[in-house]
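Structure data follow from data17.cif (mmCIF, C-alpha atoms):
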data_input
#
loop_
_atom_site.label_atom_id
_atom_site.label_comp_id
_atom_site.auth_asym_id
_atom_site.auth_seq_id
_atom_site.Cartn_x
_atom_site.Cartn_y
_atom_site.Cartn_z
CA HIS R 24 -9.25 -21.10 14.85
CA GLY R 25 -7.28 -22.11 17.91
CA ALA R 26 -3.81 -21.51 16.51
CA VAL R 27 -1.20 -20.73 19.14
CA GLY R 28 1.62 -19.81 16.75
CA VAL R 29 2.60 -19.44 13.09
CA LEU R 30 5.74 -20.56 11.25
CA ILE R 31 6.35 -19.01 7.83
CA GLU R 32 8.78 -20.22 5.20
CA SER R 33 9.59 -18.17 2.11
CA GLU R 34 8.22 -20.26 -0.75
CA PRO R 35 10.99 -22.65 -1.85
CA LEU R 36 10.66 -21.88 -5.58
CA ARG R 37 10.88 -18.13 -5.03
CA LYS R 38 12.28 -15.53 -7.41
CA HIS R 39 12.69 -12.87 -4.74
CA ARG R 40 14.65 -12.64 -1.50
CA GLY R 41 13.51 -14.93 1.28
CA ALA R 42 13.54 -14.17 4.98
CA PHE R 43 16.94 -15.80 5.50
CA ASP R 44 18.58 -14.80 2.21
CA PRO R 45 21.29 -12.10 2.40
CA LEU R 46 19.88 -8.61 2.64
CA PRO R 47 20.33 -6.28 -0.36
CA ARG R 48 22.95 -3.62 0.24
CA THR R 49 22.47 0.10 -0.07
CA SER R 50 24.75 2.37 -2.04
CA GLY R 51 26.55 3.14 1.23
CA GLY R 52 27.08 -0.51 2.05
CA GLY R 53 24.41 -0.85 4.74
CA SER R 54 21.54 -3.31 4.69
CA LEU R 55 18.45 -1.96 2.95
CA ARG R 56 15.91 -0.93 5.60
CA ALA R 57 18.04 -2.56 8.27
CA ASN R 58 17.02 0.13 10.75
CA ALA R 59 13.44 0.62 9.63
CA PRO R 60 10.60 0.11 12.13
CA ARG R 61 8.97 -3.31 12.23
CA GLN R 62 6.06 -3.61 9.83
CA ALA R 63 3.67 -5.20 12.32
CA ILE R 64 0.50 -4.51 14.22
CA GLU R 65 0.78 -5.89 17.71
CA ASP R 66 -1.81 -6.16 20.45
CA ASP R 67 -2.37 -8.17 23.60
CA THR R 68 -4.15 -10.96 21.69
CA SER R 69 -1.44 -11.61 19.11
CA ILE R 70 0.22 -15.01 18.75
CA PRO R 71 3.92 -15.60 18.03
CA VAL R 72 4.90 -15.54 14.35
CA PHE R 73 8.34 -16.70 13.21
CA SER R 74 10.04 -17.09 9.85
CA VAL R 75 11.91 -20.38 9.48
CA SER R 76 14.77 -21.37 7.22
CA ASP R 77 14.44 -23.67 4.21
CA ASN R 78 16.29 -26.41 6.12
CA THR R 79 13.93 -26.17 9.11
CA ALA R 80 10.86 -26.29 6.86
CA ALA R 81 12.23 -29.35 5.04
CA LYS R 82 12.72 -31.15 8.38
CA LEU R 83 9.20 -30.31 9.57
CA LEU R 84 7.59 -31.35 6.28
CA LYS R 85 9.59 -34.57 5.94
CA ALA R 86 6.73 -36.48 7.56
CA THR R 87 4.53 -35.71 4.54
CA GLY R 88 6.85 -37.70 2.29
CA ARG R 89 7.33 -34.70 0.02
CA THR R 90 9.82 -31.86 -0.17
CA PRO R 91 8.75 -28.19 0.12
CA PRO R 92 9.33 -27.58 -3.65
CA GLU R 93 7.11 -30.56 -4.45
CA ILE R 94 4.36 -29.23 -2.20
CA GLU R 95 4.58 -25.75 -3.74
CA THR R 96 4.43 -27.23 -7.24
CA ALA R 97 1.26 -29.13 -6.30
CA ILE R 98 -0.33 -25.96 -4.92
CA ASP R 99 0.54 -23.99 -8.05
CA ARG R 100 -0.84 -26.75 -10.29
CA ASP R 101 -4.28 -27.05 -8.69
CA LEU R 102 -4.51 -23.79 -6.69
CA LYS R 103 -5.74 -25.83 -3.75
CA PRO R 104 -4.30 -26.18 -0.24
CA GLU R 105 -1.96 -29.07 0.46
CA SER R 106 -2.62 -29.13 4.19
CA ALA R 107 -1.37 -32.10 6.18
CA ALA R 108 -0.82 -33.04 9.81
CA LEU R 109 2.81 -33.45 10.91
CA PRO R 110 2.80 -36.37 13.37
CA ASP R 111 5.37 -36.37 16.15
CA ALA R 112 6.54 -32.85 15.25
CA GLU R 113 7.14 -30.52 18.19
CA VAL R 114 7.97 -26.83 18.06
CA GLU R 115 8.75 -24.60 21.01
CA MET R 116 8.22 -20.88 20.40
CA GLN R 117 9.16 -18.03 22.71
CA ALA R 118 8.65 -14.37 21.88
CA VAL R 119 9.74 -11.72 24.36
CA PRO R 120 10.16 -8.10 23.21
CA ALA R 121 13.58 -6.72 24.04
CA HIS R 122 12.26 -3.18 24.19
CA VAL R 123 8.76 -1.71 24.23
CA ARG R 124 8.00 1.97 23.87
CA ARG R 125 4.47 3.25 23.66
CA GLY R 126 3.47 6.52 22.10
CA LYS R 127 0.54 8.33 20.51
CA SER R 128 0.00 8.87 16.81
CA ALA R 129 -2.63 11.07 15.18
CA ASN R 130 -4.66 11.07 12.00
CA VAL R 131 -5.26 14.60 10.70
CA VAL R 132 -8.62 15.15 9.01
CA GLY R 133 -10.46 17.93 7.18
CA LEU R 134 -13.99 17.81 5.79
CA LEU R 135 -15.43 19.72 2.84
CA GLU R 136 -19.16 19.12 3.00
CA GLY R 137 -20.90 18.45 -0.30
CA SER R 138 -23.27 20.92 -1.90
CA ASP R 139 -26.06 18.48 -2.76
CA PRO R 140 -28.46 17.85 0.17
CA LYS R 141 -29.16 14.32 -1.10
CA LEU R 142 -25.52 13.37 -1.76
CA ARG R 143 -23.54 15.20 0.94
CA GLY R 144 -23.92 12.21 3.25
CA GLU R 145 -21.73 10.22 0.84
CA THR R 146 -17.95 10.54 1.07
CA ILE R 147 -14.92 10.56 -1.20
CA ILE R 148 -11.65 10.23 0.76
CA LEU R 149 -8.36 11.72 -0.41
CA SER R 150 -5.54 10.39 1.74
CA ALA R 151 -1.82 10.03 2.35
CA HIS R 152 0.46 9.22 5.29
CA TYR R 153 2.70 11.84 6.86
CA ASP R 154 5.07 9.69 8.93
CA HIS R 155 8.41 8.33 7.76
CA LEU R 156 11.39 6.72 9.51
CA GLY R 157 12.60 9.66 11.59
CA ILE R 158 16.16 9.65 12.91
CA GLN R 159 17.97 6.34 13.22
CA ASN R 160 21.57 5.74 14.20
CA GLY R 161 22.12 9.49 14.02
CA ARG R 162 20.94 9.74 10.41
CA VAL R 163 17.90 11.73 9.26
CA TYR R 164 15.47 10.01 6.89
CA PRO R 165 13.85 12.98 5.07
CA GLY R 166 11.15 11.01 3.22
CA ALA R 167 10.71 13.64 0.51
CA ASN R 168 8.95 11.17 -1.77
CA ASP R 169 7.80 8.77 0.98
CA ASN R 170 5.65 10.49 1.85
CA ALA R 171 6.00 14.26 1.94
CA SER R 172 4.87 14.09 -1.69
CA GLY R 173 1.51 12.54 -0.85
CA THR R 174 1.00 14.75 2.19
CA VAL R 175 1.62 17.89 0.15
CA ALA R 176 -0.73 16.55 -2.53
CA VAL R 177 -3.60 16.10 -0.06
CA MET R 178 -3.12 19.63 1.31
CA GLU R 179 -3.02 21.06 -2.22
CA LEU R 180 -6.14 19.13 -3.19
CA ALA R 181 -7.90 20.48 -0.10
CA ARG R 182 -6.90 24.01 -1.13
CA LEU R 183 -8.07 23.52 -4.71
CA PHE R 184 -11.49 22.21 -3.70
CA ALA R 185 -11.99 24.67 -0.82
CA THR R 186 -11.25 27.69 -3.03
CA GLY R 187 -13.07 26.42 -6.12
CA ARG R 188 -16.12 28.25 -7.37
CA VAL R 189 -18.28 25.12 -7.53
CA ARG R 190 -18.37 22.86 -4.49
CA PRO R 191 -18.60 19.09 -5.21
CA LYS R 192 -21.96 17.41 -4.67
CA ARG R 193 -20.61 14.67 -2.41
CA SER R 194 -18.51 15.43 0.66
CA LEU R 195 -14.74 15.21 0.47
CA LEU R 196 -12.74 13.99 3.46
CA PHE R 197 -9.03 14.85 3.42
CA VAL R 198 -7.00 12.54 5.67
CA VAL R 199 -3.29 12.23 6.39
CA PHE R 200 -2.66 9.08 8.41
CA GLY R 201 -0.06 8.54 11.09
CA SER R 202 2.03 5.40 11.60
CA GLU R 203 1.74 3.95 8.11
CA GLU R 204 5.36 2.87 8.42
CA GLU R 205 4.49 0.90 11.57
CA GLY R 206 2.02 -1.30 9.70
CA LEU R 207 -0.79 0.96 8.41
CA LEU R 208 -1.85 1.71 11.98
CA GLY R 209 -3.53 5.02 11.18
CA SER R 210 -5.65 3.74 8.31
CA PHE R 211 -6.56 0.52 10.12
CA TYR R 212 -7.64 2.66 13.08
CA TYR R 213 -9.76 4.86 10.83
CA THR R 214 -11.59 1.91 9.26
CA ALA R 215 -12.26 0.55 12.76
CA HIS R 216 -13.46 3.99 13.94
CA PRO R 217 -14.67 5.80 10.80
CA LEU R 218 -15.64 9.44 11.13
CA ARG R 219 -18.14 8.98 8.31
CA PRO R 220 -19.82 5.62 7.59
CA LEU R 221 -17.83 3.23 5.41
CA GLN R 222 -21.11 2.08 3.85
CA SER R 223 -21.51 5.52 2.27
CA THR R 224 -17.82 6.04 1.50
CA ARG R 225 -17.83 5.73 -2.28
CA ALA R 226 -14.10 5.74 -3.04
CA VAL R 227 -10.65 6.29 -1.55
CA LEU R 228 -7.86 7.98 -3.53
CA ASN R 229 -4.61 7.39 -1.66
CA LEU R 230 -1.40 9.18 -2.65
CA ASP R 231 1.96 7.79 -1.57
CA MET R 232 5.35 8.13 -3.29
CA ILE R 233 4.02 10.04 -6.29
CA ALA R 234 6.93 12.34 -7.19
CA ARG R 235 9.82 10.06 -8.18
CA ASP R 236 10.53 8.06 -11.33
CA GLU R 237 10.29 4.32 -10.86
CA ALA R 238 13.48 2.27 -11.19
CA HIS R 239 14.64 -1.13 -10.02
CA ILE R 240 15.58 -1.87 -6.43
CA PRO R 241 17.24 -5.20 -5.53
CA GLN R 242 13.93 -6.85 -4.62
CA SER R 243 12.26 -5.98 -7.94
CA ARG R 244 14.85 -7.30 -10.38
CA GLY R 245 13.58 -10.40 -12.12
CA VAL R 246 10.19 -9.95 -10.49
CA VAL R 247 8.61 -7.07 -12.41
CA ASP R 248 9.26 -5.31 -15.70
CA ILE R 249 9.95 -1.59 -15.41
CA PRO R 250 10.18 0.61 -18.54
CA SER R 251 13.43 2.47 -19.11
CA ASN R 252 11.59 5.80 -18.92
CA THR R 253 8.99 6.22 -16.17
CA SER R 254 9.07 10.02 -15.98
CA ASN R 255 5.40 10.22 -17.04
CA GLU R 256 4.09 7.00 -15.48
CA ILE R 257 2.04 6.31 -12.37
CA ASN R 258 0.90 2.94 -10.99
CA LEU R 259 -2.69 2.24 -10.00
CA VAL R 260 -2.89 -0.27 -7.14
CA GLY R 261 -6.22 -1.69 -6.02
CA THR R 262 -8.53 -0.97 -8.96
CA PHE R 263 -8.60 -4.69 -9.77
CA TYR R 264 -11.35 -4.76 -7.14
CA SER R 265 -13.28 -1.88 -8.69
CA PRO R 266 -13.25 -1.68 -12.48
CA GLY R 267 -15.57 1.31 -12.18
CA LEU R 268 -12.95 3.21 -10.22
CA ARG R 269 -10.32 2.36 -12.79
CA THR R 270 -12.65 3.65 -15.53
CA ALA R 271 -13.13 6.93 -13.65
CA ILE R 272 -9.35 7.39 -13.38
CA VAL R 273 -8.84 6.62 -17.06
CA GLU R 274 -11.50 9.18 -17.99
CA ALA R 275 -9.93 11.82 -15.72
CA ASN R 276 -6.53 11.06 -17.22
CA ARG R 277 -7.69 12.48 -20.54
CA ARG R 278 -6.88 15.86 -18.97
CA THR R 279 -3.40 14.90 -17.74
CA ALA R 280 -2.13 12.29 -20.24
CA LEU R 281 -0.10 10.30 -17.71
CA GLU R 282 0.87 6.74 -18.57
CA LEU R 283 -1.11 4.46 -16.27
CA SER R 284 0.25 1.08 -15.20
CA THR R 285 -1.67 -1.65 -13.38
CA LYS R 286 1.25 -4.09 -12.99
CA PHE R 287 0.88 -4.03 -9.18
CA ASP R 288 -2.90 -3.98 -9.17
CA ARG R 289 -3.51 -7.31 -7.45
CA ASP R 290 -1.51 -9.79 -5.37
CA HIS R 291 2.14 -9.68 -6.40
CA ASP R 292 5.54 -11.01 -5.37
CA LEU R 293 6.43 -7.61 -3.91
CA ASN R 294 3.21 -7.55 -1.81
CA VAL R 295 2.45 -4.07 -3.12
CA LEU R 296 -1.32 -4.40 -2.73
CA TYR R 297 -1.00 -4.74 1.05
CA ARG R 298 1.62 -2.09 1.70
CA CYS R 299 -0.27 1.20 1.83
CA ASP R 300 -3.23 2.97 3.39
CA HIS R 301 -5.73 2.07 0.66
CA PHE R 302 -5.61 -1.57 1.79
CA PRO R 303 -7.71 -1.40 5.01
CA PHE R 304 -10.51 0.14 2.95
CA LEU R 305 -10.36 -2.73 0.44
CA VAL R 306 -10.67 -5.12 3.37
CA HIS R 307 -13.96 -3.39 4.21
CA GLY R 308 -15.23 -3.51 0.63
CA VAL R 309 -14.67 0.16 -0.19
CA PRO R 310 -13.33 0.93 -3.70
CA ALA R 311 -9.81 2.25 -3.15
CA VAL R 312 -6.74 2.99 -5.21
CA TRP R 313 -3.14 3.81 -4.41
CA PHE R 314 -1.55 6.29 -6.81
CA PHE R 315 2.02 4.98 -6.63
CA GLY R 316 5.06 6.23 -8.52
CA GLY R 317 6.87 2.95 -7.88
CA PHE R 318 9.97 1.95 -5.98
CA HIS R 319 13.28 3.66 -6.68
CA PRO R 320 16.92 3.59 -5.52
CA GLY R 321 17.10 5.25 -2.12
CA TYR R 322 13.70 3.93 -1.05
CA HIS R 323 13.61 4.05 2.78
CA GLU R 324 17.11 5.50 2.89
CA PRO R 325 18.44 8.90 4.01
CA VAL R 326 18.91 9.89 0.35
CA ASP R 327 15.17 10.33 -0.29
CA THR R 328 15.55 14.10 -0.64
CA ILE R 329 13.64 16.86 -2.37
CA ASP R 330 16.19 17.43 -5.12
CA LYS R 331 15.34 14.02 -6.62
CA LEU R 332 11.64 14.76 -7.12
CA ASN R 333 10.15 15.04 -10.60
CA PHE R 334 7.99 18.14 -10.12
CA PRO R 335 6.22 18.13 -13.52
CA LYS R 336 5.11 14.54 -12.87
CA PHE R 337 4.20 15.48 -9.29
CA GLU R 338 1.87 18.20 -10.54
CA LYS R 339 0.23 15.92 -13.10
CA VAL R 340 -0.52 13.25 -10.48
CA ILE R 341 -2.17 15.85 -8.25
CA ARG R 342 -4.25 17.05 -11.21
CA LEU R 343 -5.24 13.44 -11.98
CA ALA R 344 -6.38 12.97 -8.38
CA TYR R 345 -8.29 16.26 -8.54
CA TRP R 346 -10.23 15.42 -11.69
CA THR R 347 -10.87 11.87 -10.52
CA ALA R 348 -12.25 13.12 -7.20
CA ARG R 349 -14.32 15.76 -8.98
CA GLU R 350 -15.91 13.14 -11.23
CA LEU R 351 -16.55 10.73 -8.37
CA ALA R 352 -18.06 13.49 -6.24
CA ASP R 353 -20.42 14.76 -8.94
CA ASP R 354 -21.31 11.73 -11.06
CA ALA R 355 -24.76 10.17 -10.76
CA THR R 356 -23.26 6.72 -10.22
CA THR R 357 -20.28 5.64 -8.14
CA PRO R 358 -17.85 2.70 -8.37
CA ARG R 359 -18.66 -0.65 -6.80
CA PHE R 360 -16.35 -2.99 -4.96
CA VAL R 361 -16.16 -6.37 -6.70
CA ALA R 362 -14.53 -9.07 -4.60
CA ALA R 363 -13.81 -11.33 -7.58
CA ALA R 364 -13.36 -8.73 -10.29
CA ARG R 365 -12.23 -9.93 -13.70
CA ASP R 366 -11.05 -7.89 -16.64
#

Same coordinates, now as structure tokens:
Amino acid sequence: HGAVGVLIESEPLRKHRGAFDPLPRTSGGGSLRANAPRQAIEDDTSIPVFSVSDNTAAKLLKATGRTPPEIETAIDRDLKPESAALPDAEVEMQAVPAHVRRGKSANVVGLLEGSDPKLRGETIILSAHYDHLGIQNGRVYPGANDNASGTVAVMELARLFATGRVRPKRSLLFVVFGSEEEGLLGSFYYTAHPLRPLQSTRAVLNLDMIARDEAHIPQSRGVVDIPSNTSNEINLVGTFYSPGLRTAIVEANRRTALELSTKFDRDHDLNVLYRCDHFPFLVHGVPAVWFFGGFHPGYHEPVDTIDKLNFPKFEKVIRLAYWTARELADDATTPRFVAAARD
């Protein structure tokens, strides 16, 4: 649309931390995710994007005759844009990377072809991401829950289906994506270069952070309600856009009896919908869900270690994914993507 740059202000009436608010502190006193990789996809055609402070935004918007809180209130009241030209406003933006390092990342894929000659051309994807934060400032980030748990789950699901006596009717594609932590690069690459057509991909079951009990982190307090006991709970993210997929998961859950939560299922203050590898498939109109155990203390910190995993819950989530995939692969009908789904 001809834009040469973007300025973003955290909404003035926010309940969560803004871009210029003090960072939450970790248990060791460091800034939460202070050393994590940038969550951005960059290419040669990108334009500069900057976050601006509340004071800067107020100065820029002064020409409208309204304050930023007044503009936000108007947007919330009518759910319509409050766009306006800012006469005589000038902004100079310069973006120069201090350090650029290029490398290669891989998606790892395995295919189990379906048994039905008429349906094997259709695909059910079971996915996870295998990258984490590596070593930073001399500290190892193990990523036991984020996302060794999902990677292990996909490998176990591949084993279960490959050794089963009855092969599913539709084909199953097992994918572990690279560079999720760099901005979903692996899954965005796959949807741009699909190995099997997206038009015949019937559903995506994505597993990420499925083996820990959910508990508050600084960003979630006052934003979302979390039960005191989440040892048997898993979040479903993305089924708002496919009620049929949600129904299939609920039916499969009769075998596992997990507590299913949809509190993150659509746009949310914590931006959960956009933060994992199911999202690029939703962009392309493919029914997709993220099985998500929720945030927890130690998220994206070196203390995400194997001793903190809830293995009984871990097993039940894998079984839920198995029975969901089995139903989707064998059922006569498959879920539809609904852009404006309503309960």

Determine the nearest neighbour of Ala151 (chain R) from the options R:Lys286, R:Arg278, R:Arg124, R:His301, counting all atoms listed in the file.
->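 Going through R:Lys286, R:Arg278, R:Arg124, R:His301 one by one, the smallest distance to Ala151 (chain R) is for R:His301.
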
Please identify all polymer residues within 12 Å of Asp236 (chain R), counting all atoms listed in the file, omitting same-chain residues fewer than 4 positions from it, and present them as a ChimeraX atom specification.
-> /R:168,232,249-258,315-322,331-337

Write the residues of the selection above to a file with C-alpha atoms, as a PDB file, in the coordinates of the input.
ATOM      1  CA  ASN R 168       8.950  11.170  -1.770  1.00  0.00           C
ATOM      2  CA  MET R 232       5.350   8.130  -3.290  1.00  0.00           C
ATOM      3  CA  ILE R 249       9.950  -1.590 -15.410  1.00  0.00           C
ATOM      4  CA  PRO R 250      10.180   0.610 -18.540  1.00  0.00           C
ATOM      5  CA  SER R 251      13.430   2.470 -19.110  1.00  0.00           C
ATOM      6  CA  ASN R 252      11.590   5.800 -18.920  1.00  0.00           C
ATOM      7  CA  THR R 253       8.990   6.220 -16.170  1.00  0.00           C
ATOM      8  CA  SER R 254       9.070  10.020 -15.980  1.00  0.00           C
ATOM      9  CA  ASN R 255       5.400  10.220 -17.040  1.00  0.00           C
ATOM     10  CA  GLU R 256       4.090   7.000 -15.480  1.00  0.00           C
ATOM     11  CA  ILE R 257       2.040   6.310 -12.370  1.00  0.00           C
ATOM     12  CA  ASN R 258       0.900   2.940 -10.990  1.00  0.00           C
ATOM     13  CA  PHE R 315       2.020   4.980  -6.630  1.00  0.00           C
ATOM     14  CA  GLY R 316       5.060   6.230  -8.520  1.00  0.00           C
ATOM     15  CA  GLY R 317       6.870   2.950  -7.880  1.00  0.00           C
ATOM     16  CA  PHE R 318       9.970   1.950  -5.980  1.00  0.00           C
ATOM     17  CA  HIS R 319      13.280   3.660  -6.680  1.00  0.00           C
ATOM     18  CA  PRO R 320      16.920   3.590  -5.520  1.00  0.00           C
ATOM     19  CA  GLY R 321      17.100   5.250  -2.120  1.00  0.00           C
ATOM     20  CA  TYR R 322      13.700   3.930  -1.050  1.00  0.00           C
ATOM     21  CA  LYS R 331      15.340  14.020  -6.620  1.00  0.00           C
ATOM     22  CA  LEU R 332      11.640  14.760  -7.120  1.00  0.00           C
ATOM     23  CA  ASN R 333      10.150  15.040 -10.600  1.00  0.00           C
ATOM     24  CA  PHE R 334       7.990  18.140 -10.120  1.00  0.00           C
ATOM     25  CA  PRO R 335       6.220  18.130 -13.520  1.00  0.00           C
ATOM     26  CA  LYS R 336       5.110  14.540 -12.870  1.00  0.00           C
ATOM     27  CA  PHE R 337       4.200  15.480  -9.290  1.00  0.00           C
TER      28      PHE R 337
END

Taking the file above as input, evaluate the PyMOL selection byres ((chain R and resi 26) around 12) and report the hits as a compact mmCIF listing (two decimals) with C-alpha atoms, in the frame of the given file.
# COMPACT_ATOMS: atom_id res chain seq x y z
CA HIS R 24 -9.25 -21.10 14.85
CA GLY R 25 -7.28 -22.11 17.91
CA VAL R 27 -1.20 -20.73 19.14
CA GLY R 28 1.62 -19.81 16.75
CA VAL R 29 2.60 -19.44 13.09
CA LEU R 30 5.74 -20.56 11.25
CA THR R 68 -4.15 -10.96 21.69
CA SER R 69 -1.44 -11.61 19.11
CA ILE R 70 0.22 -15.01 18.75
CA PRO R 71 3.92 -15.60 18.03
CA VAL R 72 4.90 -15.54 14.35

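Distances from R:Ala355, R:Ala112, R:Lys85, R:Ser284 to Lys141 (chain R) were compared using only C-alpha atoms, and the smallest one belongs to R:Ala355.
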
Write out as a VMD selection string which residues come within 8 Å of region 208-215 of chain R when counting only C-alpha atoms, dropping same-chain ones fewer than 4 positions away.
-> chain R and resid 64 128 to 130 200 to 203 221 300 to 301 303 to 304 307
